[in-house]
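Data block for final31.csv (CSV, C-alpha atoms and all ligand atoms):
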chain,number,residue,atom,x,y,z
A,11,MET,CA,-25.4,-2.9,-63.1
A,12,ASN,CA,-28.2,-3.8,-60.7
A,13,ALA,CA,-25.9,-6.3,-59.1
A,14,LEU,CA,-23.6,-3.5,-58.1
A,15,PHE,CA,-25.9,-0.6,-57.3
A,16,GLY,CA,-28.3,-0.8,-54.5
A,17,ARG,CA,-26.5,-3.7,-52.8
A,18,HIS,CA,-23.0,-5.0,-52.0
A,19,CYS,CA,-21.3,-7.6,-54.1
A,20,ALA,CA,-18.8,-10.4,-53.4
A,21,VAL,CA,-16.7,-12.0,-56.1
A,22,VAL,CA,-15.4,-15.3,-54.9
A,23,GLY,CA,-13.4,-18.2,-56.4
A,24,THR,CA,-10.1,-20.0,-56.4
A,25,THR,CA,-6.9,-18.3,-57.5
A,26,GLY,CA,-6.8,-18.1,-61.3
A,27,GLY,CA,-10.5,-18.5,-61.5
A,28,GLY,CA,-11.0,-15.1,-63.0
A,29,LYS,CA,-12.0,-12.8,-60.2
A,30,SER,CA,-9.7,-10.0,-61.1
A,31,TRP,CA,-10.8,-10.3,-64.7
A,32,THR,CA,-14.4,-10.0,-63.5
A,33,VAL,CA,-13.5,-7.0,-61.4
A,34,SER,CA,-12.0,-5.3,-64.4
A,35,LYS,CA,-15.1,-6.0,-66.5
A,36,LEU,CA,-17.3,-4.6,-63.8
A,37,ILE,CA,-15.2,-1.4,-63.6
A,38,GLU,CA,-15.3,-1.1,-67.4
A,39,SER,CA,-19.1,-1.3,-67.5
A,40,ILE,CA,-19.6,1.0,-64.5
A,41,THR,CA,-17.5,3.7,-66.2
A,42,ALA,CA,-19.0,3.1,-69.6
A,43,ASN,CA,-22.6,3.1,-68.5
A,44,THR,CA,-22.9,5.4,-65.4
A,45,ASP,CA,-21.5,8.6,-64.0
A,46,ASN,CA,-20.6,6.9,-60.8
A,47,LYS,CA,-17.1,6.6,-59.3
A,48,VAL,CA,-15.0,3.6,-58.4
A,49,ILE,CA,-12.4,3.4,-55.7
A,50,LEU,CA,-10.3,0.3,-56.2
A,51,ILE,CA,-8.0,-1.1,-53.5
A,52,ASP,CA,-5.3,-2.9,-55.4
A,53,ALA,CA,-3.4,-5.2,-53.1
A,54,THR,CA,-0.6,-6.1,-55.4
A,55,GLY,CA,-0.5,-3.5,-58.1
A,56,GLU,CA,-1.9,-5.9,-60.7
A,57,TYR,CA,-4.3,-3.2,-62.0
A,58,HIS,CA,-1.6,-0.8,-63.0
A,59,THR,CA,-2.7,-0.9,-66.6
A,60,LEU,CA,-6.2,0.2,-65.7
A,61,LYS,CA,-6.9,3.7,-66.9
A,62,SER,CA,-7.3,5.5,-63.6
A,63,LYS,CA,-6.1,8.1,-61.2
A,64,SER,CA,-3.5,6.1,-59.2
A,65,PHE,CA,-1.8,6.3,-55.9
A,66,ILE,CA,0.9,3.9,-54.7
A,67,LEU,CA,0.8,4.1,-50.9
A,68,GLY,CA,4.2,4.6,-49.3
A,69,THR,CA,5.8,5.5,-52.7
A,70,ASP,CA,4.0,8.5,-54.1
A,71,SER,CA,1.6,9.2,-51.4
A,72,TYR,CA,1.0,8.6,-47.7
A,73,PHE,CA,-1.9,8.1,-45.3
A,74,PRO,CA,-1.4,10.8,-42.7
A,75,TYR,CA,-1.2,9.1,-39.3
A,76,GLN,CA,-3.1,12.1,-37.8
A,77,LYS,CA,-6.2,10.7,-39.6
A,78,LEU,CA,-6.0,7.3,-37.9
A,79,SER,CA,-8.4,6.8,-35.0
A,80,ILE,CA,-7.1,6.1,-31.6
A,81,SER,CA,-8.2,2.5,-31.9
A,82,ASP,CA,-6.3,2.2,-35.3
A,83,LEU,CA,-3.2,3.5,-33.5
A,84,PHE,CA,-3.8,1.0,-30.6
A,85,PHE,CA,-3.9,-1.8,-33.2
A,86,LEU,CA,-0.5,-0.6,-34.5
A,87,LEU,CA,1.1,-0.3,-31.1
A,88,ARG,CA,-0.7,-3.0,-29.2
A,89,PRO,CA,-0.3,-1.7,-25.7
A,90,THR,CA,-0.8,-4.4,-23.1
A,91,GLY,CA,-4.0,-3.9,-21.0
A,92,GLN,CA,-3.2,-3.2,-17.4
A,93,SER,CA,0.2,-1.4,-17.5
A,94,GLN,CA,0.6,0.2,-21.0
A,95,ARG,CA,-2.8,1.1,-22.2
A,96,PRO,CA,-3.7,3.8,-19.6
A,97,ILE,CA,-0.2,5.3,-19.8
A,98,LEU,CA,-0.4,5.5,-23.6
A,99,LEU,CA,-3.9,7.1,-23.4
A,100,GLU,CA,-2.6,9.7,-21.0
A,101,ALA,CA,0.5,10.4,-23.2
A,102,ILE,CA,-1.8,10.9,-26.2
A,103,ARG,CA,-4.0,13.3,-24.2
A,104,SER,CA,-0.9,15.3,-23.0
A,105,LEU,CA,0.5,15.5,-26.5
A,106,LYS,CA,-2.9,16.7,-27.9
A,107,MET,CA,-2.9,19.4,-25.2
A,108,VAL,CA,0.5,20.5,-26.2
A,109,LYS,CA,-0.6,20.7,-29.8
A,110,ILE,CA,-3.8,22.5,-29.0
A,111,SER,CA,-1.9,25.1,-27.0
A,112,GLY,CA,0.2,25.8,-30.1
A,113,LYS,CA,3.4,24.5,-28.5
A,114,SER,CA,5.7,21.7,-29.4
A,115,GLY,CA,7.4,18.9,-27.4
A,116,VAL,CA,6.7,17.0,-24.2
A,117,LYS,CA,4.3,17.9,-21.4
A,118,ILE,CA,6.3,17.5,-18.2
A,119,LYS,CA,4.2,16.3,-15.3
A,120,SER,CA,6.6,15.6,-12.5
A,121,GLY,CA,6.3,18.5,-9.9
A,122,GLN,CA,3.6,20.2,-11.9
A,123,GLU,CA,0.2,21.3,-10.6
A,124,LYS,CA,-2.5,18.8,-11.4
A,125,GLU,CA,-5.4,21.3,-11.2
A,126,LYS,CA,-4.0,23.6,-13.9
A,127,PHE,CA,-3.6,20.5,-16.1
A,128,HIS,CA,-7.2,19.2,-15.4
A,129,ASN,CA,-8.7,22.6,-16.0
A,130,TYR,CA,-7.0,22.9,-19.4
A,131,TYR,CA,-8.2,19.4,-20.1
A,132,GLN,CA,-11.8,20.2,-19.2
A,133,GLU,CA,-11.7,23.3,-21.3
A,134,HIS,CA,-10.6,21.4,-24.4
A,135,ILE,CA,-12.1,18.0,-23.7
A,136,ALA,CA,-14.1,17.8,-27.0
A,137,GLU,CA,-11.0,18.3,-29.1
A,138,ILE,CA,-8.8,16.1,-26.9
A,139,GLU,CA,-11.2,13.2,-26.9
A,140,ASN,CA,-12.2,13.5,-30.6
A,141,ASN,CA,-10.7,10.1,-31.3
A,142,ASP,CA,-8.2,11.2,-33.9
A,143,CYS,CA,-4.4,11.2,-33.7
A,144,ASP,CA,-3.7,14.8,-34.2
A,145,PHE,CA,-0.6,15.1,-32.1
A,146,ASP,CA,3.2,14.9,-32.7
A,147,ILE,CA,4.0,11.2,-32.6
A,148,THR,CA,7.7,11.9,-32.7
A,149,PHE,CA,7.4,12.9,-29.0
A,150,LEU,CA,5.3,9.9,-28.0
A,151,THR,CA,8.1,7.8,-26.3
A,152,GLN,CA,9.3,10.8,-24.4
A,153,GLN,CA,5.8,11.7,-23.3
A,154,ILE,CA,5.3,8.1,-22.1
A,155,LYS,CA,8.3,8.6,-19.9
A,156,ALA,CA,6.9,11.9,-18.6
A,157,GLU,CA,3.7,10.1,-17.7
A,158,CYS,CA,5.5,7.6,-15.5
A,159,VAL,CA,5.4,9.6,-12.3
A,160,TYR,CA,4.1,9.1,-8.8
A,161,GLN,CA,0.6,10.3,-8.2
A,162,ASN,CA,1.6,12.7,-5.5
A,163,GLY,CA,4.5,15.0,-4.8
A,164,GLY,CA,6.0,15.7,-1.3
A,165,THR,CA,7.2,12.8,0.8
A,166,PHE,CA,5.6,9.6,1.8
A,167,THR,CA,4.7,10.8,5.2
A,168,SER,CA,3.6,14.3,4.1
A,169,PRO,CA,2.4,13.9,0.5
A,170,ASN,CA,1.5,16.9,-1.6
A,171,VAL,CA,-1.6,15.9,-3.5
A,172,SER,CA,-1.8,19.0,-5.6
A,173,ILE,CA,1.3,18.2,-7.7
A,174,TRP,CA,2.6,15.1,-9.4
A,175,GLY,CA,5.5,13.3,-7.8
A,176,GLY,CA,8.9,12.2,-9.2
A,177,GLU,CA,9.7,9.6,-11.8
A,178,ASP,CA,8.2,6.2,-11.1
A,179,ALA,CA,10.9,3.8,-12.5
A,180,LYS,CA,8.8,0.7,-11.9
A,181,THR,CA,5.9,1.9,-14.0
A,182,TYR,CA,8.3,3.1,-16.7
A,183,ASP,CA,9.9,-0.4,-16.7
A,184,TYR,CA,6.6,-1.8,-17.8
A,185,GLN,CA,6.6,0.4,-20.8
A,186,THR,CA,9.7,-1.0,-22.4
A,187,SER,CA,8.0,-3.2,-25.0
A,188,LEU,CA,5.6,-0.4,-26.0
A,189,ILE,CA,8.4,2.1,-26.3
A,190,SER,CA,10.5,-0.2,-28.5
A,191,ARG,CA,7.4,-0.9,-30.7
A,192,ILE,CA,6.8,2.8,-31.2
A,193,THR,CA,10.5,3.5,-31.9
A,194,ASP,CA,10.6,0.6,-34.3
A,195,LEU,CA,7.5,1.8,-36.1
A,196,ILE,CA,8.3,5.4,-36.6
A,197,ASN,CA,12.0,4.7,-37.5
A,198,THR,CA,11.2,2.1,-40.1
A,199,GLU,CA,11.5,4.0,-43.3
A,200,ILE,CA,8.6,2.3,-45.1
A,201,PHE,CA,6.2,3.0,-42.3
A,202,ASN,CA,7.5,6.6,-42.1
A,203,GLN,CA,6.8,6.9,-45.8
A,204,LEU,CA,3.5,5.2,-45.5
A,205,MET,CA,2.1,7.3,-42.6
A,206,GLY,CA,4.3,10.4,-42.6
A,207,PHE,CA,5.4,10.1,-39.0
A,208,LYS,CA,8.3,12.4,-39.4
A,209,ASN,CA,6.6,14.7,-41.8
A,210,SER,CA,9.6,14.1,-44.1
A,211,PRO,CA,9.6,16.4,-47.1
A,212,THR,CA,10.5,13.5,-49.4
A,213,ILE,CA,6.9,12.5,-49.4
A,214,HIS,CA,4.6,13.9,-51.6
A,215,THR,CA,0.8,13.7,-51.5
A,216,SER,CA,-1.5,12.9,-48.7
A,217,LEU,CA,-3.9,10.2,-49.8
A,218,ILE,CA,-6.7,12.0,-48.0
A,219,ASP,CA,-6.2,15.1,-50.1
A,220,GLY,CA,-6.0,12.9,-53.2
A,221,ILE,CA,-9.3,11.3,-52.3
A,222,ASP,CA,-11.0,14.6,-51.7
A,223,ASP,CA,-9.7,15.9,-55.1
A,224,PHE,CA,-11.0,12.8,-56.8
A,225,LEU,CA,-14.4,13.0,-55.2
A,226,ARG,CA,-14.7,16.7,-56.1
A,227,SER,CA,-13.6,16.3,-59.6
A,228,GLU,CA,-16.1,16.3,-62.4
A,229,GLN,CA,-13.6,15.3,-65.1
A,230,GLU,CA,-14.5,12.2,-66.9
A,231,GLU,CA,-11.0,10.7,-66.4
A,232,ASP,CA,-11.5,11.0,-62.7
A,233,SER,CA,-14.0,8.2,-62.5
A,234,ILE,CA,-11.7,5.6,-61.2
A,235,LEU,CA,-9.3,5.9,-58.3
A,236,ARG,CA,-6.8,3.1,-57.8
A,237,ILE,CA,-5.0,2.9,-54.4
A,238,SER,CA,-2.2,0.4,-54.6
A,239,PHE,CA,-0.9,-1.3,-51.4
A,240,GLU,CA,1.8,-3.2,-53.3
A,241,ASN,CA,4.7,-1.7,-51.3
A,242,ILE,CA,3.2,-2.1,-47.9
A,243,PRO,CA,4.8,-4.8,-45.7
A,244,SER,CA,2.6,-7.1,-43.7
A,245,SER,CA,4.3,-6.3,-40.4
A,246,PHE,CA,2.4,-4.2,-37.8
A,247,SER,CA,-0.8,-5.3,-39.7
A,248,ALA,CA,-0.3,-2.1,-41.7
A,249,LYS,CA,-2.4,-3.2,-44.6
A,250,GLU,CA,-5.4,-4.0,-42.4
A,251,ILE,CA,-5.0,-0.8,-40.3
A,252,VAL,CA,-4.5,1.6,-43.2
A,253,SER,CA,-7.3,0.1,-45.3
A,254,ASN,CA,-9.5,0.3,-42.2
A,255,ALA,CA,-8.7,3.9,-41.7
A,256,LEU,CA,-9.4,4.6,-45.3
A,257,ALA,CA,-12.7,2.8,-45.1
A,258,SER,CA,-13.5,4.8,-41.9
A,259,TYR,CA,-12.8,8.0,-43.8
A,260,LEU,CA,-15.3,7.0,-46.5
A,261,LEU,CA,-17.8,5.8,-43.9
A,262,HIS,CA,-17.8,9.2,-42.3
A,263,LYS,CA,-18.3,10.9,-45.6
A,264,ALA,CA,-21.1,8.5,-46.4
A,265,ARG,CA,-22.8,9.2,-43.1
A,266,LYS,CA,-22.7,12.9,-44.0
A,267,LYS,CA,-24.6,12.0,-47.1
A,268,PHE,CA,-21.7,12.9,-49.4
A,269,PHE,CA,-22.4,10.1,-51.8
A,270,GLU,CA,-26.2,10.1,-51.9
A,271,LYS,CA,-26.4,11.8,-55.3
A,272,SER,CA,-23.4,10.1,-56.9
A,273,PRO,CA,-22.8,6.7,-55.5
A,274,ILE,CA,-19.3,5.3,-54.9
A,275,ILE,CA,-18.3,1.7,-55.4
A,276,LEU,CA,-15.5,0.6,-53.2
A,277,ILE,CA,-13.8,-2.4,-54.7
A,278,ILE,CA,-11.4,-4.5,-52.7
A,279,ASP,CA,-9.6,-7.3,-54.6
A,280,GLU,CA,-7.8,-9.8,-52.4
A,281,ALA,CA,-10.1,-8.6,-49.7
A,282,HIS,CA,-8.9,-11.3,-47.2
A,283,GLN,CA,-5.7,-9.4,-47.0
A,284,PHE,CA,-7.5,-6.3,-45.7
A,285,LEU,CA,-10.4,-7.7,-43.7
A,286,ASN,CA,-8.4,-10.3,-42.0
A,287,LYS,CA,-10.3,-11.7,-39.0
A,288,SER,CA,-7.2,-13.0,-37.3
A,289,VAL,CA,-5.8,-9.5,-36.8
A,290,LYS,CA,-8.9,-8.8,-34.8
A,291,ASP,CA,-9.1,-12.0,-32.9
A,292,GLU,CA,-5.5,-12.0,-31.6
A,293,PHE,CA,-6.0,-8.5,-30.2
A,294,PHE,CA,-8.2,-8.8,-27.1
A,295,GLU,CA,-9.4,-5.3,-26.8
A,296,ILE,CA,-13.0,-4.4,-27.3
A,297,GLN,CA,-12.2,-2.1,-30.2
A,298,SER,CA,-12.0,-3.6,-33.6
A,299,LEU,CA,-11.1,-2.8,-37.1
A,300,ASP,CA,-14.8,-2.6,-38.1
A,301,ALA,CA,-15.0,0.1,-40.8
A,302,PHE,CA,-15.8,-2.4,-43.6
A,303,ASP,CA,-18.3,-4.1,-41.4
A,304,LEU,CA,-20.0,-0.8,-40.7
A,305,ILE,CA,-20.0,0.1,-44.4
A,306,ALA,CA,-21.5,-3.2,-45.2
A,307,LYS,CA,-24.2,-2.8,-42.6
A,308,GLU,CA,-25.1,0.9,-43.0
A,309,CYS,CA,-24.0,2.4,-46.2
A,310,ARG,CA,-26.3,1.0,-48.9
A,311,LYS,CA,-28.8,3.8,-48.1
A,312,TYR,CA,-25.9,6.3,-48.3
A,313,GLY,CA,-24.8,5.3,-51.7
A,314,LEU,CA,-21.5,3.7,-50.7
A,315,PHE,CA,-21.3,0.1,-52.0
A,316,LEU,CA,-18.8,-2.6,-51.4
A,317,CYS,CA,-17.5,-5.0,-53.9
A,318,LEU,CA,-15.2,-7.6,-52.3
A,319,ALA,CA,-13.2,-10.1,-54.3
A,320,THR,CA,-11.5,-12.9,-52.5
A,321,GLN,CA,-10.3,-16.5,-52.8
A,322,MET,CA,-10.9,-17.0,-49.1
A,323,PRO,CA,-14.4,-16.0,-48.1
A,324,ARG,CA,-13.8,-17.7,-44.7
A,325,ASP,CA,-11.3,-15.0,-43.8
A,326,ILE,CA,-13.8,-12.3,-44.2
A,327,PRO,CA,-15.8,-11.5,-41.1
A,328,ILE,CA,-19.1,-13.3,-41.3
A,329,GLY,CA,-21.0,-10.1,-40.5
A,330,THR,CA,-19.6,-8.4,-43.6
A,331,LEU,CA,-20.1,-11.4,-45.8
A,332,SER,CA,-23.7,-11.8,-44.8
A,333,GLN,CA,-24.5,-8.2,-46.0
A,334,MET,CA,-23.6,-9.1,-49.5
A,335,GLY,CA,-26.6,-9.0,-51.8
A,336,THR,CA,-24.9,-10.3,-55.0
A,337,PHE,CA,-22.4,-13.2,-55.3
A,338,ILE,CA,-20.4,-13.8,-58.4
A,339,VAL,CA,-19.0,-17.2,-57.8
A,340,HIS,CA,-16.1,-18.7,-59.7
A,341,ARG,CA,-14.9,-22.1,-59.0
A,342,LEU,CA,-14.4,-22.8,-55.2
A,343,ILE,CA,-12.3,-25.9,-54.4
A,344,ASN,CA,-11.8,-25.6,-50.6
A,345,GLU,CA,-14.5,-27.2,-48.6
A,346,GLN,CA,-14.4,-24.4,-45.9
A,347,ASP,CA,-14.8,-21.8,-48.6
A,348,LYS,CA,-17.8,-23.6,-50.0
A,349,LYS,CA,-19.2,-23.8,-46.4
A,350,SER,CA,-18.5,-20.1,-45.9
A,351,ASN,CA,-20.7,-19.3,-48.9
A,352,GLY,CA,-23.2,-21.8,-47.6
A,353,GLU,CA,-23.4,-19.9,-44.4
A,354,CYS,CA,-24.5,-16.9,-46.3
A,355,GLY,CA,-27.3,-18.9,-47.8
A,356,PHE,CA,-25.6,-19.2,-51.1
A,357,PHE,CA,-25.3,-22.9,-51.6
A,358,SER,CA,-27.8,-23.9,-49.0
A,401,LIG,N1,-13.5,-14.6,-68.9
A,401,LIG,C1,-12.2,-14.7,-69.2
A,401,LIG,N2,-11.8,-14.7,-70.5
A,401,LIG,C2,-10.5,-14.7,-70.8
A,401,LIG,N3,-9.5,-14.8,-69.9
A,401,LIG,C3,-9.8,-14.8,-68.7
A,401,LIG,C4,-11.1,-14.8,-68.2
A,401,LIG,N4,-11.2,-14.8,-66.9
A,401,LIG,C5,-9.9,-14.9,-66.5
A,401,LIG,N5,-9.0,-14.9,-67.6
A,401,LIG,C6,-7.6,-15.0,-67.5
A,401,LIG,O1,-7.3,-16.0,-66.6
A,401,LIG,C7,-6.2,-15.6,-65.7
A,401,LIG,C8,-6.5,-15.7,-64.3
A,401,LIG,O2,-7.6,-14.8,-64.0
A,401,LIG,P1,-7.6,-13.8,-62.8
A,401,LIG,O3,-8.8,-12.8,-63.1
A,401,LIG,O4,-6.3,-13.1,-62.6
A,401,LIG,O5,-8.0,-14.8,-61.6
A,401,LIG,P2,-8.1,-14.5,-60.1
A,401,LIG,O6,-8.1,-13.0,-59.9
A,401,LIG,O7,-9.3,-15.2,-59.7
A,401,LIG,O8,-6.9,-15.1,-59.5
A,401,LIG,C9,-5.7,-14.3,-66.2
A,401,LIG,O9,-4.7,-14.4,-67.1
A,401,LIG,C10,-7.0,-13.8,-67.0
A,401,LIG,O10,-6.6,-12.9,-68.0
A,402,MG,MG,-7.0,-11.8,-58.7

Now that the file is in, can you turn its structure into C-alpha cells?
Amino acid sequence: MNALFGRHCAVVGTTGGGKSWTVSKLIESITANTDNKVILIDATGEYHTLKSKSFILGTDSYFPYQKLSISDLFFLLRPTGQSQRPILLEAIRSLKMVKISGKSGVKIKSGQEKEKFHNYYQEHIAEIENNDCDFDITFLTQQIKAECVYQNGGTFTSPNVSIWGGEDAKTYDYQTSLISRITDLINTEIFNQLMGFKNSPTIHTSLIDGIDDFLRSEQEEDSILRISFENIPSSFSAKEIVSNALASYLLHKARKKFFEKSPIILIIDEAHQFLNKSVKDEFFEIQSLDAFDLIAKECRKYGLFLCLATQMPRDIPIGTLSQMGTFIVHRLINEQDKKSNGECGFFS
C-alpha cells in the first residue's frame, strides 16, 4: 500500500508481461484494505469484469464539451497560427457573449457598433475569459464567418471607425480548413456522442455528473469507478484530449483540497495511448495537454495519486515519468524502454 499512497506509481513491462494483472491486484488490495477510491481509465474495456461503477464513454455517457478548456478545444480543432487562431478566439468570445446575454445564435458584427460590443465584453470579461467552452458550438462555423469582416465601416476614403465593415472574403477564405474540421467533428456521430455537441437526447449521462456522484457516494460498492475509452476512435486525438480534460477536472478538484481526507488513485492502463508525447510535439502552440504532468508534479500533497501502466515508457513525457516514486517493472525487451527507465534512475 505504501507503494501507492504518498507517491505515484508506474507499472511497466512488455505486452503480456502481466501489467494489467498487477493493476487488478493493486485495485483489489486498495479496496480490501483501505477506504480510498480508485478511478480507472480503461483504454480497451478489458476490465469490464471488474466489480465497479462503470461508464463507457460515447456509449452510455459523454464528456460535455462545455467542460473542455479552450486549449483542449484548440487541440481538437488545430487552427493555424496566423490566420485562423485569432478568428477562432474572437468567434468563441462572441458566442460566449451571446450565451451570457441569454440569447442564442450568431453575433453579427458587420455594420455593428464596436463600442457597444467592447463595453459588454469588459463588463463580462471574467466569464468570457474563464478558459472553458461554455458556448453553443453548433453556431461556431457561422460565427467564424461573422468574424470575417473589415475592421472599419464606411468607405475606403471616408472610413467609419466606430462600426465594423462588410464581409472580408479573403480572410474568410483562410478559414476553409478550420471550418471543414469543425463541421467534420461535430457531425461525426461518435464525436457527437462522445462530447454532446448537439445536445442530442439519445445520450444519457454526463461523465462529470457521474464522477461527482461517485466522489460524493459513501456506499462501499462505489469505491471503484471505471471509465472505458473502448469506443473512442483515435482520430482528432480524441483519447488524449478527453483524458486530459478529465485529468484537468480532477486536478482542479485536488487543488481545492477535495481529496485531502480521502485520497484518490487515478490508474491509467495503456497510458501511452493517453499521454502520448507526439500529439503535443506535432502541435506547435505553447499550450499543451499537460494535466497529467501537473497532477504528477503537484498532487501528491493533495491526495491525488497517479498509477500509470504502459509497455512504452518512452512515450510518456519524461517530466511525468520522473515524478514516479514507485516502479513495478515487468520484463522490458525494447532497448529504448530500458533506457527510458534508466533515465528515471531506475536501472542506472
Ligand atoms: N501473476 C500472474 N499469475 C497468473 N497469470 C498471470 C499473472 N500475470 C499475468 N497473468 C496472465 O498473463 C496474461 C497477460 O497478462 P496481462 O496482465 O494482460 O499483461 P499486460 O497487461 O502486461 O499485457 C493474462 O492472461 C494474465 O491473466
Ligand atoms: Mg495490459

Report task. Give me, please, the distance in Å between atom CA of A:Ile242 and atom CA of A:Phe84, quoted to one decimal. Result -> 18.9 Å

**Report entry** Residue with smallest distance to A:Val48 - pool A:Asp232, A:Asp146, A:Asp223, A:Glu250, counting only C-alpha atoms
**Finding:**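 Closest to A:Val48 of all the choices is A:Asp232.
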
**Report entry** Using only C-alpha atoms: which of A:Cys309, A:Val339, A:Val159, A:Ala42 has the shortest distance to A:Met322
**Finding:** A:Val339

Could you give me, as a Markdown table, every chain A residue with an atom at most 8 Å from ligand LIG 401 (chain A), plus its closest atom pair and distance in Å to one decimal, counting only C-alpha atoms and all ligand atoms, rows ordered by chain then number?
| residue | atom | partner | partner_atom | distance |
| --- | --- | --- | --- | --- |
| A:Val22 | CA | A:LIG401 | O7 | 7.8 |
| A:Gly23 | CA | A:LIG401 | O7 | 6.1 |
| A:Thr24 | CA | A:LIG401 | O7 | 5.9 |
| A:Thr25 | CA | A:LIG401 | O8 | 3.8 |
| A:Gly26 | CA | A:LIG401 | O8 | 3.5 |
| A:Gly27 | CA | A:LIG401 | O7 | 3.9 |
| A:Gly28 | CA | A:LIG401 | O3 | 3.2 |
| A:Lys29 | CA | A:LIG401 | O7 | 3.6 |
| A:Ser30 | CA | A:LIG401 | O3 | 3.6 |
| A:Trp31 | CA | A:LIG401 | O3 | 3.6 |
| A:Thr32 | CA | A:LIG401 | O3 | 6.3 |
| A:Val33 | CA | A:LIG401 | O3 | 7.7 |
| A:Asp279 | CA | A:LIG401 | O6 | 7.9 |
| A:Thr320 | CA | A:LIG401 | O7 | 7.9 |
| A:Gln321 | CA | A:LIG401 | O7 | 7.1 |
| A:His340 | CA | A:LIG401 | O7 | 7.6 |

With C-alpha atoms retained, write the just-selected residues as a tab-separated table (two decimals), in the frame of the given file.
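File written: out.tsv
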chain	number	residue	atom	x	y	z
A	22	VAL	CA	-15.40	-15.30	-54.90
A	23	GLY	CA	-13.40	-18.20	-56.40
A	24	THR	CA	-10.10	-20.00	-56.40
A	25	THR	CA	-6.90	-18.30	-57.50
A	26	GLY	CA	-6.80	-18.10	-61.30
A	27	GLY	CA	-10.50	-18.50	-61.50
A	28	GLY	CA	-11.00	-15.10	-63.00
A	29	LYS	CA	-12.00	-12.80	-60.20
A	30	SER	CA	-9.70	-10.00	-61.10
A	31	TRP	CA	-10.80	-10.30	-64.70
A	32	THR	CA	-14.40	-10.00	-63.50
A	33	VAL	CA	-13.50	-7.00	-61.40
A	279	ASP	CA	-9.60	-7.30	-54.60
A	320	THR	CA	-11.50	-12.90	-52.50
A	321	GLN	CA	-10.30	-16.50	-52.80
A	340	HIS	CA	-16.10	-18.70	-59.70

Report task. Would you kindly return, as a VMD selection string, each protein, DNA or RNA residue with an atom no farther than 12 Å from any atom of A:Thr41, considering all atoms listed in the file and excluding same-chain residues fewer than 2 positions away? Result -> chain A and resid 11 34 to 39 43 to 49 60 to 62 230 to 235 274 to 275
